[in-house]
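What follows is a set of notes on a single structure, which appears directly below.
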Amino acid sequence: MNTHSASLSRRRLVFGAGAASVLGLAGCTAPPPAATTTQPPRARLRLIGESLFAHRLQFQGSTVGGLSGIDYDPAADLYYLVSDDGASSSASPARFYTARIALGMDRLGEPELLGVSTLRQADGKPYPSALQGGPVPDPEAIRWRAASNTLLWTSEGHAATGTAPWLREARPDGSFVREFALPAMFNFQPGAGPRGNLTLEGLALAPDGRTAWIAMENALLQDGPVPTVEAPGGPCRFTQIDLVSGKTLRQIAYVPDAIPRPPVPPTAFADNGVSEVLMLDAERMLVLERAYMAGWGTGAGNSLRLYLIDTRQASDTLALAALQPGNYRAAGKTLLADFSAFTGAGAGPRLKRLDNTEGMSWGPVLPNGRRSLMFISDDNFSARQISQWLAFEFLD
């Protein structure tokens with residue numbers, strides 16, 4: 001998400017991360033479920049390391065930043081990184097990068113950018129900026145589709161110009177392939193539909209490549225409120241799409257946590273929502289929640305929590321115009337990691353800070369046979385933030 005208003009300033013002002021650490025299980029089985037935690041038998045992630053892009057790095061005529069999505073092509077040992085700069089085009093038109101990075105059991109190397117591709121409309125033209133009007137994009141997630149050698153990507157849309165969120169497909173050179181028809185509930189409309197900048201933040205591809213899930217960051221207006229410090233948010237809709245026929249198959253509800261800590265002072269801005277999703281297998285999904293609490297000192301800054309859900313355990317919400325207590329069953333949540341556990345003092349690699357992490361992808365298989373898990377943060381081209389690449393060993 002690339003924001004341009006004070007009400008969503010968490011993407012631009014980051015002053016530190018809380019030191020609280022929780023690794024546990026969270027259960028929610030009925031709406032509106034509130035997360036509860038218990039201590040797990042072991043952590044589910046092991047930090048390997050981090051690497052940073054230089055601020056406003058210049059590469060092939062573009063400014064690197066706003067990195068909101070990441071995916072990995074194991075056959076080519078190649079990463080795709082999408083920039084969400086499209087809505088403003090303050091640096092360059094909507095685009096994605098290709099990159100490589102060395103990875104070992106205990107080390108993450110420096111990222112090596114290989115190329116940049118401009119995302120293009122059906123007529124071959126780059127997407128316009130908000131100042132130009134028209135179909136303004138806000139790219140948030142990207143997935144490599146090996147079966148067709150194409151890329152899927154989502155846009156949050158642009159409420160000010162009425163540009164609806166979308167799921168589109170592109171070739172590796174950025175040229176347009178097709179757009180998927182989404183339910184009308186995702187269109188901006190008076191009193192209903194998505195909130196601006198809180199729409200299609202996540203995208204997950206099934207292991208067989210036949211279906212994809214698109215994930216809302218927060219609830220539709222008719223489904224409930226955004227999270228507060230006191231209460232979880234309304235249900236986010238996760239929608240499954242058949243990539244062959246283009247048809248919408250089903251939809252489930254996921255309830256994001258309450259904002260984990262109050263901002264400083266308590267009247268300052270804070271929020272929480274879903275920033276990315278990733279399939280663990282055909283039915284189970286990883287969900288990354290990212291919160292921001294404005295202010296100074298302990299408690300302010302970003303919070304990142306990784307959850308596991310089973311999509312089979314939630315009811316189908318596709319036919320429901322509004323989600324209300326009693327008419328749906330939300331997906332249950334298991335907390336795999338609170339990333340504050342990897343900050344501060346402790347044994348092994350440590351992170352100095354957490355940032356606005358929006359991308360999540362599997363990486364190469366590690367020498368011990370386990371999978372690596374990668375994360376990327378969106379710096380919003382702000383000198384107060386960082387483009388942070390994180391690597392973990394997934395201990396499943």
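Ligands are numbered from 1 in the order shown, residues from 1 within each chain, and chains are lettered A, B, ... in the order they appear in the structure tokens.
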All strand (DSSP E) positions in stretch 185-364 of chain A, as a short mmCIF file (atom, residue, chain, number, x, y, z; two decimals) with N, CA and C atoms, in the first residue's frame:
data_model
loop_
_atom_site.label_atom_id
_atom_site.label_comp_id
_atom_site.auth_asym_id
_atom_site.auth_seq_id
_atom_site.Cartn_x
_atom_site.Cartn_y
_atom_site.Cartn_z
N LEU A 200 -7.38 -5.32 -2.08
CA LEU A 200 -6.70 -6.58 -2.42
C LEU A 200 -5.20 -6.46 -2.17
N GLU A 201 -4.82 -6.83 -0.97
CA GLU A 201 -3.42 -6.73 -0.54
C GLU A 201 -2.67 -8.03 -0.74
N GLY A 202 -3.37 -9.18 -0.71
CA GLY A 202 -2.70 -10.48 -0.75
C GLY A 202 -3.10 -11.31 -1.95
N LEU A 203 -2.17 -12.21 -2.36
CA LEU A 203 -2.40 -13.11 -3.49
C LEU A 203 -1.63 -14.39 -3.24
N ALA A 204 -2.33 -15.53 -3.31
CA ALA A 204 -1.71 -16.84 -3.10
C ALA A 204 -2.04 -17.74 -4.27
N LEU A 205 -1.06 -18.49 -4.74
CA LEU A 205 -1.24 -19.43 -5.84
C LEU A 205 -1.20 -20.85 -5.29
N THR A 211 -5.52 -22.68 -9.27
CA THR A 211 -6.36 -21.69 -8.61
C THR A 211 -5.51 -20.67 -7.87
N ALA A 212 -6.12 -19.53 -7.59
CA ALA A 212 -5.46 -18.48 -6.80
C ALA A 212 -6.45 -17.93 -5.80
N TRP A 213 -5.91 -17.41 -4.69
CA TRP A 213 -6.71 -16.72 -3.68
C TRP A 213 -6.30 -15.26 -3.65
N ILE A 214 -7.28 -14.36 -3.66
CA ILE A 214 -7.02 -12.94 -3.46
C ILE A 214 -7.55 -12.55 -2.07
N ALA A 215 -6.81 -11.73 -1.35
CA ALA A 215 -7.13 -11.45 0.05
C ALA A 215 -7.27 -9.96 0.30
N MET A 216 -8.37 -9.60 0.97
CA MET A 216 -8.61 -8.22 1.38
C MET A 216 -7.76 -7.88 2.61
N CYS A 236 -12.26 -10.12 6.81
CA CYS A 236 -11.70 -9.92 5.48
C CYS A 236 -12.15 -11.07 4.59
N ARG A 237 -12.51 -10.76 3.37
CA ARG A 237 -12.91 -11.81 2.42
C ARG A 237 -11.71 -12.29 1.61
N PHE A 238 -11.48 -13.61 1.62
CA PHE A 238 -10.48 -14.26 0.79
C PHE A 238 -11.23 -15.03 -0.29
N THR A 239 -10.93 -14.77 -1.56
CA THR A 239 -11.71 -15.29 -2.67
C THR A 239 -10.86 -16.18 -3.56
N GLN A 240 -11.36 -17.38 -3.86
CA GLN A 240 -10.65 -18.36 -4.69
C GLN A 240 -11.13 -18.27 -6.14
N ILE A 241 -10.18 -18.25 -7.06
CA ILE A 241 -10.48 -18.09 -8.49
C ILE A 241 -9.84 -19.22 -9.28
N ASP A 242 -10.62 -19.80 -10.19
CA ASP A 242 -10.11 -20.80 -11.12
C ASP A 242 -9.36 -20.08 -12.24
N THR A 248 -14.99 -17.40 -10.35
CA THR A 248 -14.83 -17.36 -8.90
C THR A 248 -15.42 -18.63 -8.31
N LEU A 249 -14.65 -19.35 -7.51
CA LEU A 249 -15.06 -20.65 -6.99
C LEU A 249 -15.73 -20.56 -5.63
N ARG A 250 -15.09 -19.90 -4.70
CA ARG A 250 -15.63 -19.77 -3.35
C ARG A 250 -14.95 -18.62 -2.63
N GLN A 251 -15.42 -18.35 -1.42
CA GLN A 251 -14.90 -17.24 -0.64
C GLN A 251 -15.01 -17.59 0.84
N ILE A 252 -14.01 -17.20 1.62
CA ILE A 252 -14.04 -17.44 3.06
C ILE A 252 -13.78 -16.13 3.80
N ALA A 253 -14.02 -16.15 5.11
CA ALA A 253 -13.80 -14.98 5.96
C ALA A 253 -12.64 -15.22 6.90
N TYR A 254 -11.84 -14.19 7.09
CA TYR A 254 -10.70 -14.21 8.01
C TYR A 254 -10.78 -12.96 8.86
N ALA A 270 -3.24 4.33 14.45
CA ALA A 270 -2.82 2.94 14.53
C ALA A 270 -3.76 2.09 13.70
N ASP A 271 -3.25 0.98 13.16
CA ASP A 271 -4.11 0.08 12.41
C ASP A 271 -3.51 -1.32 12.34
N ASN A 272 -4.28 -2.24 11.78
CA ASN A 272 -3.82 -3.61 11.57
C ASN A 272 -4.61 -4.20 10.41
N GLY A 273 -3.98 -5.10 9.66
CA GLY A 273 -4.68 -5.76 8.57
C GLY A 273 -3.84 -6.84 7.93
N VAL A 274 -4.42 -7.53 6.96
CA VAL A 274 -3.73 -8.59 6.23
C VAL A 274 -2.85 -7.96 5.16
N SER A 275 -1.56 -8.31 5.15
CA SER A 275 -0.67 -7.74 4.13
C SER A 275 -0.26 -8.76 3.07
N GLU A 276 -0.35 -10.07 3.34
CA GLU A 276 -0.03 -11.06 2.32
C GLU A 276 -0.53 -12.43 2.74
N VAL A 277 -0.75 -13.29 1.75
CA VAL A 277 -1.14 -14.68 1.97
C VAL A 277 -0.26 -15.57 1.09
N LEU A 278 -0.10 -16.83 1.50
CA LEU A 278 0.77 -17.77 0.80
C LEU A 278 0.30 -19.18 1.11
N MET A 279 0.16 -20.04 0.08
CA MET A 279 -0.30 -21.40 0.31
C MET A 279 0.82 -22.26 0.89
N ARG A 284 -4.11 -25.38 3.13
CA ARG A 284 -3.67 -24.55 4.24
C ARG A 284 -2.92 -23.33 3.73
N MET A 285 -3.13 -22.22 4.41
CA MET A 285 -2.63 -20.93 3.97
C MET A 285 -1.92 -20.19 5.11
N LEU A 286 -0.79 -19.55 4.78
CA LEU A 286 -0.13 -18.63 5.71
C LEU A 286 -0.71 -17.24 5.49
N VAL A 287 -0.97 -16.54 6.59
CA VAL A 287 -1.52 -15.19 6.53
C VAL A 287 -0.62 -14.27 7.35
N LEU A 288 -0.12 -13.21 6.71
CA LEU A 288 0.71 -12.24 7.40
C LEU A 288 -0.13 -11.03 7.77
N GLU A 289 -0.19 -10.73 9.07
CA GLU A 289 -0.84 -9.52 9.56
C GLU A 289 0.22 -8.48 9.91
N ARG A 290 0.00 -7.25 9.45
CA ARG A 290 0.93 -6.17 9.72
C ARG A 290 0.19 -5.01 10.37
N ALA A 291 0.70 -4.57 11.51
CA ALA A 291 0.09 -3.45 12.22
C ALA A 291 1.10 -2.30 12.31
N TYR A 292 0.57 -1.11 12.51
CA TYR A 292 1.41 0.06 12.75
C TYR A 292 0.80 0.89 13.86
N MET A 293 1.63 1.30 14.82
CA MET A 293 1.24 2.16 15.92
C MET A 293 2.12 3.41 15.89
N GLY A 301 5.60 1.80 16.29
CA GLY A 301 6.26 1.14 15.17
C GLY A 301 5.41 0.04 14.58
N ASN A 302 6.07 -0.89 13.89
CA ASN A 302 5.39 -1.98 13.20
C ASN A 302 5.32 -3.24 14.03
N SER A 303 4.28 -4.00 13.79
CA SER A 303 4.11 -5.33 14.37
C SER A 303 3.79 -6.30 13.24
N LEU A 304 4.43 -7.47 13.23
CA LEU A 304 4.21 -8.49 12.21
C LEU A 304 3.92 -9.82 12.89
N ARG A 305 2.82 -10.46 12.46
CA ARG A 305 2.46 -11.78 13.00
C ARG A 305 2.06 -12.69 11.85
N LEU A 306 2.56 -13.92 11.90
CA LEU A 306 2.28 -14.91 10.86
C LEU A 306 1.34 -15.97 11.41
N TYR A 307 0.23 -16.19 10.69
CA TYR A 307 -0.79 -17.15 11.10
C TYR A 307 -0.92 -18.26 10.07
N LEU A 308 -1.46 -19.37 10.52
CA LEU A 308 -1.81 -20.51 9.65
C LEU A 308 -3.30 -20.73 9.73
N ILE A 309 -3.96 -20.89 8.58
CA ILE A 309 -5.38 -21.23 8.55
C ILE A 309 -5.59 -22.43 7.64
N ASP A 310 -6.71 -23.11 7.83
CA ASP A 310 -7.15 -24.18 6.94
C ASP A 310 -8.41 -23.69 6.24
N THR A 334 -3.98 -20.14 13.70
CA THR A 334 -2.90 -20.60 14.55
C THR A 334 -1.71 -19.67 14.40
N LEU A 335 -1.29 -19.04 15.47
CA LEU A 335 -0.16 -18.12 15.42
C LEU A 335 1.14 -18.90 15.30
N LEU A 336 1.87 -18.66 14.22
CA LEU A 336 3.16 -19.32 14.00
C LEU A 336 4.33 -18.50 14.52
N ALA A 337 4.24 -17.18 14.42
CA ALA A 337 5.35 -16.33 14.87
C ALA A 337 4.90 -14.90 15.04
N ASP A 338 5.33 -14.28 16.13
CA ASP A 338 5.29 -12.84 16.31
C ASP A 338 6.71 -12.36 16.06
N THR A 357 6.31 -4.56 6.22
CA THR A 357 6.46 -5.78 5.42
C THR A 357 5.15 -6.14 4.74
N GLU A 358 5.20 -6.25 3.40
CA GLU A 358 4.00 -6.50 2.61
C GLU A 358 4.10 -7.72 1.71
N GLY A 359 5.30 -8.25 1.46
CA GLY A 359 5.48 -9.38 0.56
C GLY A 359 5.97 -10.62 1.28
N MET A 360 5.53 -11.79 0.82
CA MET A 360 5.92 -13.07 1.42
C MET A 360 5.96 -14.12 0.33
N SER A 361 7.02 -14.94 0.32
CA SER A 361 7.19 -15.95 -0.72
C SER A 361 8.04 -17.11 -0.19
N TRP A 362 7.79 -18.28 -0.74
CA TRP A 362 8.73 -19.37 -0.52
C TRP A 362 10.01 -19.06 -1.28
N GLY A 363 11.14 -19.50 -0.74
CA GLY A 363 12.42 -19.39 -1.41
C GLY A 363 12.95 -20.77 -1.72
N PRO A 364 14.26 -20.90 -1.93
CA PRO A 364 14.84 -22.21 -2.26
C PRO A 364 14.74 -23.19 -1.09
#
### Spatial neighbours of A:Ser83, max dist 8 Å, only C-alpha atoms, sep filter under 3 positions, as JSON, numbers by chain
{"A": [64, 65, 66, 67, 68, 69, 86, 94, 95, 96, 97, 139, 140]}
I want to know what sits within 12 Å of A:Val136, based on only C-alpha atoms, with residues of the same chain fewer than 6 positions away left out; could you give that as a tab-separated table (two decimals) with N, CA and C atoms, in the first residue's frame?
chain	number	residue	atom	x	y	z
A	84	ASP	N	4.72	-0.80	-5.64
A	84	ASP	CA	3.37	-0.23	-5.59
A	84	ASP	C	3.37	1.27	-5.91
A	85	ASP	N	4.35	1.69	-6.67
A	85	ASP	CA	4.48	3.11	-6.99
A	85	ASP	C	3.48	3.58	-8.04
A	86	GLY	N	2.63	2.66	-8.55
A	86	GLY	CA	1.79	3.01	-9.68
A	86	GLY	C	0.79	4.11	-9.43
A	87	ALA	N	0.22	4.18	-8.22
A	87	ALA	CA	-0.83	5.16	-7.98
A	87	ALA	C	-0.33	6.60	-8.09
A	88	SER	N	0.91	6.83	-7.69
A	88	SER	CA	1.44	8.20	-7.74
A	88	SER	C	2.41	8.39	-8.90
A	89	SER	N	3.10	7.27	-9.26
A	89	SER	CA	4.19	7.35	-10.23
A	89	SER	C	5.16	8.47	-9.85
A	93	PRO	N	6.74	4.51	-13.57
A	93	PRO	CA	5.44	3.85	-13.76
A	93	PRO	C	5.39	2.50	-13.04
A	94	ALA	N	4.17	1.95	-12.91
A	94	ALA	CA	3.97	0.64	-12.28
A	94	ALA	C	4.90	-0.39	-12.91
A	119	LEU	N	4.76	-2.62	-16.15
A	119	LEU	CA	3.46	-3.25	-16.33
A	119	LEU	C	2.66	-2.43	-17.34
A	120	ARG	N	1.98	-3.12	-18.27
A	120	ARG	CA	1.31	-2.42	-19.36
A	120	ARG	C	-0.15	-2.81	-19.48
A	121	GLN	N	-0.92	-1.88	-20.02
A	121	GLN	CA	-2.33	-2.10	-20.27
A	121	GLN	C	-2.51	-2.95	-21.54
A	126	PRO	N	1.93	2.08	-20.75
A	126	PRO	CA	2.09	1.99	-19.29
A	126	PRO	C	0.82	2.48	-18.61
A	127	TYR	N	0.61	2.05	-17.38
A	127	TYR	CA	-0.55	2.53	-16.63
A	127	TYR	C	-0.36	3.99	-16.25
A	128	PRO	N	-1.46	4.75	-16.18
A	128	PRO	CA	-1.35	6.17	-15.85
A	128	PRO	C	-1.16	6.40	-14.36
A	129	SER	N	-0.71	7.59	-14.01
A	129	SER	CA	-0.64	8.00	-12.61
A	129	SER	C	-1.97	8.62	-12.22
A	130	ALA	N	-2.13	8.91	-10.92
A	130	ALA	CA	-3.36	9.52	-10.43
A	130	ALA	C	-3.58	10.90	-11.05
A	155	SER	N	-4.02	-5.29	-7.90
A	155	SER	CA	-4.00	-3.85	-7.63
A	155	SER	C	-5.09	-3.55	-6.62
A	156	GLU	N	-4.79	-2.67	-5.66
A	156	GLU	CA	-5.79	-2.24	-4.69
A	156	GLU	C	-6.82	-1.29	-5.30
A	157	GLY	N	-6.58	-0.89	-6.52
A	157	GLY	CA	-7.47	0.10	-7.12
A	157	GLY	C	-7.14	1.49	-6.63
A	158	HIS	N	-7.99	2.43	-7.00
A	158	HIS	CA	-7.76	3.83	-6.64
A	158	HIS	C	-9.10	4.49	-6.43
A	159	ALA	N	-9.50	4.63	-5.17
A	159	ALA	CA	-10.84	5.11	-4.84
A	159	ALA	C	-11.11	6.50	-5.40
A	160	ALA	N	-10.12	7.37	-5.38
A	160	ALA	CA	-10.34	8.75	-5.83
A	160	ALA	C	-10.72	8.84	-7.30
A	161	THR	N	-10.21	7.93	-8.11
A	161	THR	CA	-10.55	7.93	-9.54
A	161	THR	C	-11.60	6.87	-9.87
A	162	GLY	N	-12.05	6.12	-8.86
A	162	GLY	CA	-13.05	5.08	-9.09
A	162	GLY	C	-12.52	3.83	-9.75
A	163	THR	N	-11.20	3.69	-9.81
A	163	THR	CA	-10.60	2.49	-10.41
A	163	THR	C	-10.73	1.32	-9.45
A	164	ALA	N	-11.45	0.29	-9.85
A	164	ALA	CA	-11.72	-0.86	-8.97
A	164	ALA	C	-10.47	-1.71	-8.77
A	165	PRO	N	-10.38	-2.42	-7.66
A	165	PRO	CA	-9.30	-3.40	-7.49
A	165	PRO	C	-9.36	-4.45	-8.60
A	166	TRP	N	-8.21	-5.06	-8.90
A	166	TRP	CA	-8.22	-6.08	-9.94
A	166	TRP	C	-7.20	-7.17	-9.70
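Take the candidates A:Arg195, A:Lys352, A:Arg329, A:Arg210 and check each one against A:Arg145 using only C-alpha atoms; the shortest distance goes to A:Arg210.
As for atom CA of A:Pro367 and atom CA of A:Leu354, they are spaced 27.2 Å apart.
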Using only C-alpha atoms, which of the listed residues (A:Thr343, A:Gln388, A:Ser377, A:Asn327) sits closest to A:Ala141?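 Closest to A:Ala141 of all the choices is A:Ser377.
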inquiry  = I need the residues in stretch 93-291 of chain A that are helix (DSSP H, G or I) according to DSSP; give them as an MDAnalysis selection string.
reply    = chainID A and resid 159:161 184:186
Within 6 Å of A:Arg143 using only C-alpha atoms, minus same-chain residues under 2 positions, as a list in words =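 Counting only the stated atoms, we get Asp71, Leu151 and Leu152 of chain A.
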Between atom CA of A:Gly49 and atom CA of A:Leu390 lies a distance of 6.1 Å
Near stretch 260-269 of chain A, within 6 Å and counting only C-alpha atoms, which residues show up once chain neighbours fewer than 2 positions away are dropped, as a list in words?
-> Val229, Ala258, Met293, Ala294, Gly295 and Ala300 of chain A
